[in-house]
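Visitor: Contents of run_11.csv (CSV, C-alpha atoms) are below:
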```
chain,number,residue,atom,x,y,z
H,1,MET,CA,31.8,-5.5,-15.7
H,2,GLU,CA,31.8,-1.7,-16.4
H,3,LYS,CA,30.6,-2.3,-19.9
H,4,VAL,CA,27.7,-4.5,-18.7
H,5,CYS,CA,26.6,-1.7,-16.3
H,6,SER,CA,26.9,1.1,-18.9
H,7,PHE,CA,25.9,-0.7,-22.1
H,8,GLN,CA,23.3,-3.2,-20.8
H,9,PRO,CA,23.9,-5.7,-23.7
H,10,ASP,CA,21.2,-8.1,-24.9
H,11,LEU,CA,23.7,-10.9,-25.5
H,12,ILE,CA,27.2,-11.8,-24.2
H,13,LEU,CA,29.7,-14.2,-25.6
H,14,LEU,CA,31.8,-15.4,-22.6
H,15,ASP,CA,34.9,-17.6,-22.6
H,16,VAL,CA,35.6,-19.9,-19.6
H,17,VAL,CA,39.4,-19.6,-19.8
H,18,LEU,CA,40.3,-16.0,-18.8
H,19,PRO,CA,43.6,-14.4,-17.6
H,20,ASP,CA,42.4,-13.2,-14.2
H,21,ILE,CA,39.1,-15.0,-13.4
H,22,GLU,CA,37.3,-18.2,-14.5
H,23,GLY,CA,34.4,-17.6,-16.9
H,24,TYR,CA,31.9,-19.4,-14.6
H,25,ASP,CA,32.7,-17.0,-11.7
H,26,LEU,CA,32.5,-14.0,-14.0
H,27,TYR,CA,29.1,-15.2,-15.2
H,28,GLN,CA,27.8,-15.1,-11.7
H,29,LYS,CA,29.2,-11.6,-11.1
H,30,ILE,CA,27.6,-10.4,-14.3
H,31,LYS,CA,24.2,-11.8,-13.3
H,32,GLU,CA,24.4,-9.9,-10.0
H,33,ILE,CA,24.6,-6.5,-11.8
H,34,ASP,CA,22.8,-7.2,-15.1
H,35,LYS,CA,19.5,-5.4,-15.3
H,36,ASN,CA,18.7,-6.3,-18.8
H,37,TYR,CA,18.6,-10.1,-18.5
H,38,ALA,CA,21.3,-10.6,-21.1
H,39,ALA,CA,21.5,-13.9,-22.8
H,40,ILE,CA,24.9,-15.4,-22.1
H,41,ILE,CA,26.6,-17.9,-24.4
H,42,PHE,CA,29.8,-19.7,-23.3
H,43,LEU,CA,32.2,-19.8,-26.2
H,44,THR,CA,35.2,-21.8,-25.1
H,45,SER,CA,37.8,-24.6,-25.8
H,46,ARG,CA,36.7,-26.4,-22.7
H,47,ALA,CA,34.8,-29.3,-24.2
H,48,GLN,CA,34.5,-31.8,-21.3
H,49,GLU,CA,31.0,-33.0,-20.5
H,50,SER,CA,31.4,-31.6,-16.9
H,51,ASP,CA,32.2,-28.2,-18.3
H,52,VAL,CA,29.1,-28.2,-20.5
H,53,VAL,CA,26.9,-29.3,-17.7
H,54,LYS,CA,28.3,-26.6,-15.4
H,55,GLY,CA,27.7,-23.9,-18.0
H,56,PHE,CA,24.1,-24.9,-18.5
H,57,SER,CA,23.5,-25.4,-14.8
H,58,LEU,CA,24.5,-21.8,-14.1
H,59,GLY,CA,21.8,-20.6,-16.6
H,60,ALA,CA,23.7,-20.0,-19.8
H,61,CYS,CA,21.5,-20.1,-22.9
H,62,ASP,CA,24.1,-22.0,-24.9
H,63,TYR,CA,27.5,-23.6,-24.8
H,64,ILE,CA,29.6,-23.6,-28.0
H,65,ASN,CA,33.0,-25.2,-28.3
H,66,LYS,CA,36.0,-23.8,-30.2
H,67,PRO,CA,36.8,-24.0,-33.0
H,68,PHE,CA,33.4,-23.0,-34.3
H,69,HIS,CA,31.9,-22.2,-37.7
H,70,ASN,CA,31.1,-18.5,-38.1
H,71,GLU,CA,27.7,-19.0,-39.8
H,72,ILE,CA,26.6,-21.6,-37.2
H,73,LEU,CA,27.6,-19.1,-34.5
H,74,LYS,CA,25.7,-16.3,-36.2
H,75,SER,CA,22.5,-18.4,-36.6
H,76,ARG,CA,22.6,-19.4,-32.9
H,77,ILE,CA,23.1,-15.8,-31.8
H,78,LYS,CA,20.1,-14.8,-33.9
H,79,VAL,CA,18.0,-17.5,-32.3
H,80,HIS,CA,18.9,-16.5,-28.8
H,81,LEU,CA,18.4,-12.8,-29.6
H,82,LYS,CA,14.9,-13.6,-30.9
H,83,GLU,CA,14.2,-15.6,-27.7
H,84,LYS,CA,15.4,-12.8,-25.6
H,85,GLN,CA,13.1,-10.3,-27.4
H,86,GLN,CA,10.2,-12.7,-26.8
H,87,ASN,CA,11.1,-13.0,-23.1
H,88,ASP,CA,11.5,-9.2,-22.8
H,89,ASP,CA,8.0,-8.7,-24.4
H,90,LEU,CA,6.5,-11.3,-22.1
H,91,ARG,CA,8.2,-9.8,-19.0
H,92,LYS,CA,6.9,-6.3,-20.0
H,93,LEU,CA,3.4,-7.7,-20.5
H,94,ASN,CA,3.5,-9.4,-17.1
H,95,GLU,CA,4.8,-6.2,-15.4
H,96,GLU,CA,1.9,-4.2,-17.1
H,97,MET,CA,-0.6,-6.8,-16.0
H,98,GLU,CA,0.7,-6.8,-12.4
H,99,ALA,CA,0.6,-2.9,-12.4
H,100,ASN,CA,-3.0,-3.0,-13.7
H,101,MET,CA,-3.9,-5.6,-11.0
H,102,ARG,CA,-2.4,-3.4,-8.3
H,103,LYS,CA,-4.3,-0.4,-9.7
H,104,LEU,CA,-7.6,-2.4,-9.8
H,105,ASN,CA,-7.0,-3.7,-6.2
H,106,SER,CA,-6.2,-0.2,-5.1
H,107,MET,CA,-9.4,1.1,-6.7
H,108,ALA,CA,-11.4,-1.7,-5.1
H,109,PHE,CA,-10.2,-0.7,-1.7
H,110,ARG,CA,-10.7,3.1,-2.2
H,111,ASP,CA,-13.7,5.4,-1.7
H,112,SER,CA,-14.5,7.0,-5.1
H,113,LEU,CA,-15.2,10.5,-3.6
H,114,THR,CA,-12.4,11.0,-1.0
H,115,GLY,CA,-9.8,8.5,-2.1
H,116,LEU,CA,-9.7,7.1,1.4
H,117,PHE,CA,-9.9,3.3,2.2
H,118,ASN,CA,-13.4,1.9,2.2
H,119,ARG,CA,-15.3,-0.8,4.1
H,120,ARG,CA,-14.1,-3.5,1.7
H,121,TYR,CA,-10.5,-2.7,2.7
H,122,VAL,CA,-11.5,-3.2,6.3
H,123,SER,CA,-13.1,-6.6,5.7
H,124,GLU,CA,-10.5,-8.0,3.3
H,125,ARG,CA,-7.2,-6.4,4.5
H,126,LEU,CA,-7.4,-4.5,7.8
H,127,LYS,CA,-9.1,-7.1,10.0
H,128,SER,CA,-6.2,-9.6,9.5
H,129,GLU,CA,-3.7,-6.8,10.3
H,130,LEU,CA,-5.6,-6.1,13.5
H,131,LEU,CA,-5.5,-9.8,14.5
H,132,SER,CA,-1.8,-10.2,13.8
H,133,SER,CA,-0.6,-6.9,15.3
H,134,ARG,CA,1.4,-7.1,18.6
H,135,CYS,CA,1.2,-3.4,19.4
H,136,GLN,CA,-1.5,-1.2,21.0
H,137,ILE,CA,-4.1,-0.1,18.5
H,138,GLY,CA,-6.3,3.0,18.9
H,139,MET,CA,-9.6,3.7,17.2
H,140,MET,CA,-11.2,6.9,16.2
H,141,MET,CA,-14.8,7.1,15.0
H,142,CYS,CA,-15.2,10.6,13.5
H,143,ASP,CA,-18.5,12.2,12.5
H,144,VAL,CA,-19.0,15.6,10.8
H,145,ASP,CA,-21.2,17.7,13.0
H,146,ASP,CA,-24.5,19.0,11.6
H,147,PHE,CA,-23.6,17.6,8.1
H,148,LYS,CA,-27.3,17.5,7.1
H,149,HIS,CA,-27.5,21.3,7.6
H,150,ILE,CA,-24.5,21.7,5.4
H,151,ASN,CA,-26.1,19.7,2.6
H,152,ASP,CA,-29.5,21.4,3.0
H,153,TYR,CA,-28.1,24.9,3.2
H,154,TYR,CA,-25.2,24.9,0.8
H,155,GLY,CA,-26.1,21.9,-1.4
H,156,HIS,CA,-24.8,18.4,-1.9
H,157,GLU,CA,-21.9,19.5,-4.1
H,158,ILE,CA,-20.5,21.7,-1.3
H,159,GLY,CA,-21.2,18.8,1.1
H,160,ASP,CA,-19.0,16.6,-1.1
H,161,ILE,CA,-16.3,19.3,-1.1
H,162,VAL,CA,-16.4,19.4,2.7
H,163,LEU,CA,-16.0,15.6,2.9
H,164,ILE,CA,-13.0,15.8,0.5
H,165,GLY,CA,-11.4,18.6,2.5
H,166,ILE,CA,-11.9,16.7,5.8
H,167,ALA,CA,-10.5,13.5,4.2
H,168,ASN,CA,-7.3,15.4,3.1
H,169,ILE,CA,-6.9,16.7,6.7
H,170,LEU,CA,-7.2,13.2,8.1
H,171,GLU,CA,-4.7,11.8,5.7
H,172,SER,CA,-2.2,14.6,6.3
H,173,ALA,CA,-2.2,13.6,10.0
H,174,ALA,CA,-1.7,9.9,9.0
H,175,ASP,CA,1.3,8.4,10.7
H,176,ASP,CA,1.0,4.7,11.2
H,177,MET,CA,-2.7,5.3,10.6
H,178,SER,CA,-5.4,3.7,8.4
H,179,VAL,CA,-8.0,6.2,7.5
H,180,ILE,CA,-11.4,4.8,6.2
H,181,ARG,CA,-14.5,6.5,5.0
H,182,TRP,CA,-16.9,4.4,6.9
H,183,GLY,CA,-20.0,5.8,5.3
H,184,GLY,CA,-21.7,9.1,4.7
H,185,GLU,CA,-20.0,11.7,6.9
H,186,GLU,CA,-18.4,9.1,9.2
H,187,PHE,CA,-14.7,8.3,9.1
H,188,LEU,CA,-12.9,5.5,11.0
H,189,ILE,CA,-9.3,5.7,11.9
H,190,PHE,CA,-6.9,3.0,13.3
H,191,LEU,CA,-3.6,4.0,14.9
H,192,PHE,CA,-0.9,1.5,15.5
H,193,GLY,CA,1.7,1.6,18.2
H,194,LYS,CA,0.5,4.8,19.9
H,195,SER,CA,0.1,5.5,23.6
H,196,LYS,CA,-3.3,6.6,24.9
H,197,GLU,CA,-2.0,10.1,25.3
H,198,GLU,CA,-0.6,10.2,21.8
H,199,ILE,CA,-3.9,9.0,20.4
H,200,TYR,CA,-5.7,11.8,22.2
H,201,GLN,CA,-3.2,14.4,21.0
H,202,ILE,CA,-3.6,13.3,17.4
H,203,SER,CA,-7.3,13.3,17.8
H,204,GLU,CA,-7.3,16.9,19.1
H,205,HIS,CA,-4.9,18.0,16.4
H,206,ILE,CA,-7.3,16.6,13.8
H,207,ARG,CA,-10.3,18.2,15.4
H,208,LYS,CA,-8.7,21.6,15.8
H,209,SER,CA,-7.4,21.5,12.2
H,210,ILE,CA,-10.9,20.8,10.8
H,211,GLU,CA,-12.4,23.5,13.1
H,212,ALA,CA,-9.9,26.1,11.7
H,213,PHE,CA,-10.2,25.1,8.1
H,214,PRO,CA,-12.2,27.7,6.0
H,215,PHE,CA,-14.7,26.3,3.5
H,216,SER,CA,-16.5,28.5,1.1
H,217,SER,CA,-19.7,28.5,-1.1
H,218,GLU,CA,-20.4,31.3,-3.6
H,219,GLY,CA,-18.1,33.7,-1.7
H,220,ILE,CA,-19.5,32.8,1.7
H,221,ARG,CA,-17.0,31.3,4.1
H,222,PHE,CA,-18.1,28.8,6.7
H,223,LYS,CA,-16.5,26.3,9.0
H,224,CYS,CA,-17.5,22.9,10.2
H,225,THR,CA,-16.5,20.7,13.1
H,226,ILE,CA,-16.3,17.0,13.9
H,227,SER,CA,-16.9,14.8,17.0
H,228,ILE,CA,-14.5,12.0,17.7
H,229,GLY,CA,-15.1,8.8,19.7
H,230,LEU,CA,-11.9,7.2,21.0
H,231,ALA,CA,-11.3,3.6,22.1
H,232,LEU,CA,-8.5,1.1,22.4
H,233,TYR,CA,-8.9,-2.0,20.2
H,234,GLU,CA,-9.4,-5.1,22.3
H,235,PRO,CA,-8.1,-8.2,20.3
H,236,SER,CA,-10.1,-10.5,22.5
H,237,LEU,CA,-13.4,-8.9,21.3
H,238,HIS,CA,-15.1,-9.2,18.0
H,239,PHE,CA,-14.4,-6.4,15.5
H,240,ASP,CA,-18.1,-5.2,15.7
H,241,ASP,CA,-17.9,-5.0,19.5
H,242,ASN,CA,-14.8,-2.8,19.3
H,243,LEU,CA,-16.6,-0.7,16.7
H,244,LYS,CA,-19.5,-0.2,19.2
H,245,HIS,CA,-17.1,1.1,21.8
H,246,ALA,CA,-15.9,3.9,19.5
H,247,ASP,CA,-19.5,4.5,18.4
H,248,GLU,CA,-20.7,4.9,21.9
H,249,ALA,CA,-17.9,7.3,22.7
H,250,LEU,CA,-18.7,9.3,19.6
H,251,TYR,CA,-22.4,9.7,20.5
H,252,THR,CA,-21.5,10.6,24.0
H,253,GLY,CA,-19.6,13.4,22.5
H,254,LYS,CA,-22.5,14.3,20.3
H,255,ARG,CA,-24.8,14.5,23.3
H,256,SER,CA,-22.2,16.5,25.2
H,257,GLY,CA,-22.2,19.4,22.7
H,258,LYS,CA,-20.2,18.1,19.7
H,259,ASN,CA,-16.8,19.3,18.5
H,260,CYS,CA,-14.9,17.2,21.0
H,261,SER,CA,-12.8,14.0,21.5
H,262,ILE,CA,-14.3,11.5,24.0
H,263,TRP,CA,-12.8,8.3,25.3
H,264,TYR,CA,-14.8,5.1,25.7
H,265,ASP,CA,-14.4,3.9,29.3
H,266,ALA,CA,-16.4,2.4,32.2
H,267,PHE,CA,-17.9,5.8,32.9
H,268,ILE,CA,-19.8,5.7,29.6
H,269,ASN,CA,-21.3,2.3,30.3
H,270,GLU,CA,-22.3,3.5,33.8
H,271,SER,CA,-23.9,6.7,32.5
H,272,ARG,CA,-25.8,4.8,29.8
H,273,LYS,CA,-27.1,2.4,32.4
H,274,MET,CA,-28.2,5.3,34.6
H,275,SER,CA,-30.0,7.0,31.7
H,276,TYR,CA,-31.9,3.8,30.9
H,277,ASP,CA,-32.9,3.4,34.6
H,278,ASP,CA,-34.1,6.9,34.6
H,279,ILE,CA,-36.3,6.2,31.6
```
Take the structure from the file and write it as structure tokens.

Guide:
Amino acid sequence: MEKVCSFQPDLILLDVVLPDIEGYDLYQKIKEIDKNYAAIIFLTSRAQESDVVKGFSLGACDYINKPFHNEILKSRIKVHLKEKQQNDDLRKLNEEMEANMRKLNSMAFRDSLTGLFNRRYVSERLKSELLSSRCQIGMMMCDVDDFKHINDYYGHEIGDIVLIGIANILESAADDMSVIRWGGEEFLIFLFGKSKEEIYQISEHIRKSIEAFPFSSEGIRFKCTISIGLALYEPSLHFDDNLKHADEALYTGKRSGKNCSIWYDAFINESRKMSYDDI
């Protein structure tokens, strides 16, 4: 057993009749620790049909009775070593293909600029998680304040740097969070298993971290802020309706002076109704 762990052999010749354990039992113990998928040949004087059947049923690649012919044994060993090499090559190829598929899937669900999740991730992965979740889910719709001014004044390249910097701050605060670049300068965040107070505290931590972060362009330092609309996800409502709640909270924050975290609640609905009546 120690040799199997340290040497990781490609092929093992194993007797059935052993002084302290039966070969069949040792076979199973070897399989539990073998990381190299060794081919195992039973080489034994046990010649009854039931023994041969048991050997193969365990998964042995061959069962050879004693006495045996040396050259025949060598030829069968060569065949099994060749088969193992082919199986190893195939296994490696499959692992590489699986790794490439995971990488492609990851790229398909990631925004090319910020590396955050994208809208496709929401539609193909996250929505099902939201439906199956049994815990409270918080939503944050974040929008960079006056981002058009940043692009117009400093240029789009600096605008991209700002988005990347904000994305890094959002991900650094991620704890049971899914952070999505929703589009342009908008970011959507889902928080699982957090209380309303915890959601607000995380939101304020994010907002203050972005407000304090120094950006620079050609030696000129500047700062930017974000507004955040908060809402609790309602499983009984359609995804788009939940999104509207966070959106409405966000734009209430924008109208209230920006650089703030605002909850969606009944007051927002009432205030919107009053503003429409006034018009």

Visitor: Could you make a table, as CSV, of the residues of segment 183-254 of chain H that have an atom within 9 Å of an atom of segment 107-131 of chain H, each with its nearest atom pair and distance in Å to one decimal, counting only C-alpha atoms, in chain and number order?

Guide:
```
residue,atom,partner,partner_atom,distance
H:Gly183,CA,H:Arg119,CA,8.2
H:Tyr233,CA,H:Leu130,CA,8.5
H:Pro235,CA,H:Leu131,CA,6.6
H:Phe239,CA,H:Lys127,CA,7.7
```

Visitor: Near segment 7-23 of chain H, counting only C-alpha atoms, which residues have an atom at most 12 Å away, once you skip same-chain residues fewer than 2 positions from it, shown as a CSV table (one decimal) with C-alpha atoms, in the coordinates of the input?

Guide:
```
chain,number,residue,atom,x,y,z
H,1,MET,CA,31.8,-5.5,-15.7
H,2,GLU,CA,31.8,-1.7,-16.4
H,3,LYS,CA,30.6,-2.3,-19.9
H,4,VAL,CA,27.7,-4.5,-18.7
H,5,CYS,CA,26.6,-1.7,-16.3
H,25,ASP,CA,32.7,-17.0,-11.7
H,26,LEU,CA,32.5,-14.0,-14.0
H,27,TYR,CA,29.1,-15.2,-15.2
H,28,GLN,CA,27.8,-15.1,-11.7
H,29,LYS,CA,29.2,-11.6,-11.1
H,30,ILE,CA,27.6,-10.4,-14.3
H,31,LYS,CA,24.2,-11.8,-13.3
H,33,ILE,CA,24.6,-6.5,-11.8
H,34,ASP,CA,22.8,-7.2,-15.1
H,35,LYS,CA,19.5,-5.4,-15.3
H,36,ASN,CA,18.7,-6.3,-18.8
H,37,TYR,CA,18.6,-10.1,-18.5
H,38,ALA,CA,21.3,-10.6,-21.1
H,39,ALA,CA,21.5,-13.9,-22.8
H,40,ILE,CA,24.9,-15.4,-22.1
H,41,ILE,CA,26.6,-17.9,-24.4
H,42,PHE,CA,29.8,-19.7,-23.3
H,43,LEU,CA,32.2,-19.8,-26.2
H,44,THR,CA,35.2,-21.8,-25.1
H,45,SER,CA,37.8,-24.6,-25.8
H,46,ARG,CA,36.7,-26.4,-22.7
H,47,ALA,CA,34.8,-29.3,-24.2
H,51,ASP,CA,32.2,-28.2,-18.3
H,52,VAL,CA,29.1,-28.2,-20.5
H,54,LYS,CA,28.3,-26.6,-15.4
H,55,GLY,CA,27.7,-23.9,-18.0
H,58,LEU,CA,24.5,-21.8,-14.1
H,60,ALA,CA,23.7,-20.0,-19.8
H,61,CYS,CA,21.5,-20.1,-22.9
H,62,ASP,CA,24.1,-22.0,-24.9
H,63,TYR,CA,27.5,-23.6,-24.8
H,64,ILE,CA,29.6,-23.6,-28.0
H,65,ASN,CA,33.0,-25.2,-28.3
H,66,LYS,CA,36.0,-23.8,-30.2
H,73,LEU,CA,27.6,-19.1,-34.5
H,74,LYS,CA,25.7,-16.3,-36.2
H,76,ARG,CA,22.6,-19.4,-32.9
H,77,ILE,CA,23.1,-15.8,-31.8
H,78,LYS,CA,20.1,-14.8,-33.9
H,79,VAL,CA,18.0,-17.5,-32.3
H,80,HIS,CA,18.9,-16.5,-28.8
H,81,LEU,CA,18.4,-12.8,-29.6
H,82,LYS,CA,14.9,-13.6,-30.9
H,83,GLU,CA,14.2,-15.6,-27.7
H,84,LYS,CA,15.4,-12.8,-25.6
H,85,GLN,CA,13.1,-10.3,-27.4
H,87,ASN,CA,11.1,-13.0,-23.1
H,88,ASP,CA,11.5,-9.2,-22.8
```

Visitor: Rounded to one decimal in Å, what is the spacing between atom CA of Leu90 of chain H and atom CA of Gly59 of chain H?

Guide: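 If I compute the distance from atom CA of Leu90 of chain H to atom CA of Gly59 of chain H, I get 18.7 Å.
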
Visitor: Using all atoms listed in the file, which of the listed residues (H:Trp182, H:Tyr200, H:Leu163, H:Asp143) sits closest to Gly253 of chain H?

Guide: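 That would be H:Asp143, the residue with the smallest distance to Gly253 of chain H.
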
Visitor: May I ask for the distance between atom CA of Phe68 of chain H and atom CA of Ser50 of chain H, given in Å to one decimal place?

Guide: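 Computing it gives 19.5 Å between the two atoms.
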
Visitor: Could you work out how far atom CA of Glu211 of chain H lies from atom CA of Met140 of chain H, giving the answer in Å with one decimal?

Guide: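 Distance reported for this atom pair: 16.9 Å.
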
Visitor: With all atoms listed in the file as the atoms that count, which of H:Ile210, H:Arg134, H:Asn100, H:Phe190 lies nearest to Ile164 of chain H?

Guide: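 So, comparing all the options, the nearest one is H:Ile210.
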
Visitor: Nearest to Gly229 of chain H: which of H:Ile158, H:Ile150, H:Cys135, H:Ala246 is it, counting all atoms listed in the file?

Guide: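 Result for the nearest residue to Gly229 of chain H: H:Ala246.
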
Visitor: Between H:Ser209, H:Ser261, H:Gln136, H:Ser6, which is the closest to Leu191 of chain H once you count only C-alpha atoms?

Guide: H:Gln136

Visitor: Using all atoms listed in the file - which residues lie no farther than 12 Å from the point (-12.0, 14.1, 21.3) in the file's frame? Write them as an MDAnalysis selection string.

Guide: chainID H and resid 139:143 197 199:208 225:231 246 249:254 256:264

Visitor: Could I get segment 17-42 of chain H rebuilt with N, CA and C atoms, written as an mmCIF file, keeping the file's coordinate frame?

Guide:
```cif
data_model
loop_
_atom_site.group_PDB
_atom_site.id
_atom_site.type_symbol
_atom_site.label_atom_id
_atom_site.label_comp_id
_atom_site.auth_asym_id
_atom_site.auth_seq_id
_atom_site.Cartn_x
_atom_site.Cartn_y
_atom_site.Cartn_z
ATOM 1 N N VAL H 17 37.989 -19.758 -20.099
ATOM 2 C CA VAL H 17 39.400 -19.600 -19.800
ATOM 3 C C VAL H 17 39.760 -18.101 -19.954
ATOM 4 N N LEU H 18 39.957 -17.400 -18.822
ATOM 5 C CA LEU H 18 40.300 -16.000 -18.800
ATOM 6 C C LEU H 18 41.552 -15.736 -18.032
ATOM 7 N N PRO H 19 42.269 -14.622 -18.279
ATOM 8 C CA PRO H 19 43.600 -14.400 -17.600
ATOM 9 C C PRO H 19 43.496 -14.185 -16.115
ATOM 10 N N ASP H 20 42.387 -13.602 -15.612
ATOM 11 C CA ASP H 20 42.400 -13.200 -14.200
ATOM 12 C C ASP H 20 41.203 -13.792 -13.412
ATOM 13 N N ILE H 21 40.276 -14.477 -14.087
ATOM 14 C CA ILE H 21 39.100 -15.000 -13.400
ATOM 15 C C ILE H 21 38.531 -16.143 -14.283
ATOM 16 N N GLU H 22 37.928 -17.139 -13.673
ATOM 17 C CA GLU H 22 37.300 -18.200 -14.500
ATOM 18 C C GLU H 22 35.944 -17.657 -14.995
ATOM 19 N N GLY H 23 35.624 -18.056 -16.221
ATOM 20 C CA GLY H 23 34.400 -17.600 -16.900
ATOM 21 C C GLY H 23 33.149 -17.871 -16.065
ATOM 22 N N TYR H 24 33.122 -19.021 -15.389
ATOM 23 C CA TYR H 24 31.900 -19.400 -14.600
ATOM 24 C C TYR H 24 31.736 -18.367 -13.453
ATOM 25 N N ASP H 25 32.844 -17.966 -12.820
ATOM 26 C CA ASP H 25 32.700 -17.000 -11.700
ATOM 27 C C ASP H 25 32.326 -15.613 -12.259
ATOM 28 N N LEU H 26 32.862 -15.252 -13.424
ATOM 29 C CA LEU H 26 32.500 -14.000 -14.000
ATOM 30 C C LEU H 26 31.016 -13.961 -14.409
ATOM 31 N N TYR H 27 30.525 -15.113 -14.871
ATOM 32 C CA TYR H 27 29.100 -15.200 -15.200
ATOM 33 C C TYR H 27 28.240 -14.836 -14.026
ATOM 34 N N GLN H 28 28.562 -15.378 -12.860
ATOM 35 C CA GLN H 28 27.800 -15.100 -11.700
ATOM 36 C C GLN H 28 27.846 -13.635 -11.260
ATOM 37 N N LYS H 29 29.016 -13.016 -11.423
ATOM 38 C CA LYS H 29 29.200 -11.600 -11.100
ATOM 39 C C LYS H 29 28.344 -10.736 -12.073
ATOM 40 N N ILE H 30 28.341 -11.135 -13.342
ATOM 41 C CA ILE H 30 27.600 -10.400 -14.300
ATOM 42 C C ILE H 30 26.073 -10.461 -13.986
ATOM 43 N N LYS H 31 25.595 -11.644 -13.597
ATOM 44 C CA LYS H 31 24.200 -11.800 -13.300
ATOM 45 C C LYS H 31 23.746 -10.955 -12.099
ATOM 46 N N GLU H 32 24.686 -10.682 -11.203
ATOM 47 C CA GLU H 32 24.400 -9.900 -10.000
ATOM 48 C C GLU H 32 24.112 -8.408 -10.384
ATOM 49 N N ILE H 33 24.735 -7.919 -11.470
ATOM 50 C CA ILE H 33 24.600 -6.500 -11.800
ATOM 51 C C ILE H 33 23.795 -6.265 -13.092
ATOM 52 N N ASP H 34 23.529 -7.325 -13.839
ATOM 53 C CA ASP H 34 22.800 -7.200 -15.100
ATOM 54 C C ASP H 34 21.349 -6.894 -14.894
ATOM 55 N N LYS H 35 20.880 -5.746 -15.388
ATOM 56 C CA LYS H 35 19.500 -5.400 -15.300
ATOM 57 C C LYS H 35 18.672 -5.621 -16.522
ATOM 58 N N ASN H 36 19.363 -6.133 -17.543
ATOM 59 C CA ASN H 36 18.700 -6.300 -18.800
ATOM 60 C C ASN H 36 18.488 -7.767 -19.207
ATOM 61 N N TYR H 37 18.764 -8.673 -18.249
ATOM 62 C CA TYR H 37 18.600 -10.100 -18.500
ATOM 63 C C TYR H 37 19.259 -10.588 -19.752
ATOM 64 N N ALA H 38 20.528 -10.244 -19.896
ATOM 65 C CA ALA H 38 21.300 -10.600 -21.100
ATOM 66 C C ALA H 38 21.373 -12.114 -21.275
ATOM 67 N N ALA H 39 21.235 -12.544 -22.514
ATOM 68 C CA ALA H 39 21.500 -13.900 -22.800
ATOM 69 C C ALA H 39 23.002 -14.143 -22.883
ATOM 70 N N ILE H 40 23.492 -15.178 -22.203
ATOM 71 C CA ILE H 40 24.900 -15.400 -22.100
ATOM 72 C C ILE H 40 25.270 -16.765 -22.774
ATOM 73 N N ILE H 41 26.179 -16.719 -23.754
ATOM 74 C CA ILE H 41 26.600 -17.900 -24.400
ATOM 75 C C ILE H 41 28.096 -18.179 -24.040
ATOM 76 N N PHE H 42 28.380 -19.355 -23.531
ATOM 77 C CA PHE H 42 29.800 -19.700 -23.300
ATOM 78 C C PHE H 42 30.387 -20.156 -24.623
#
```
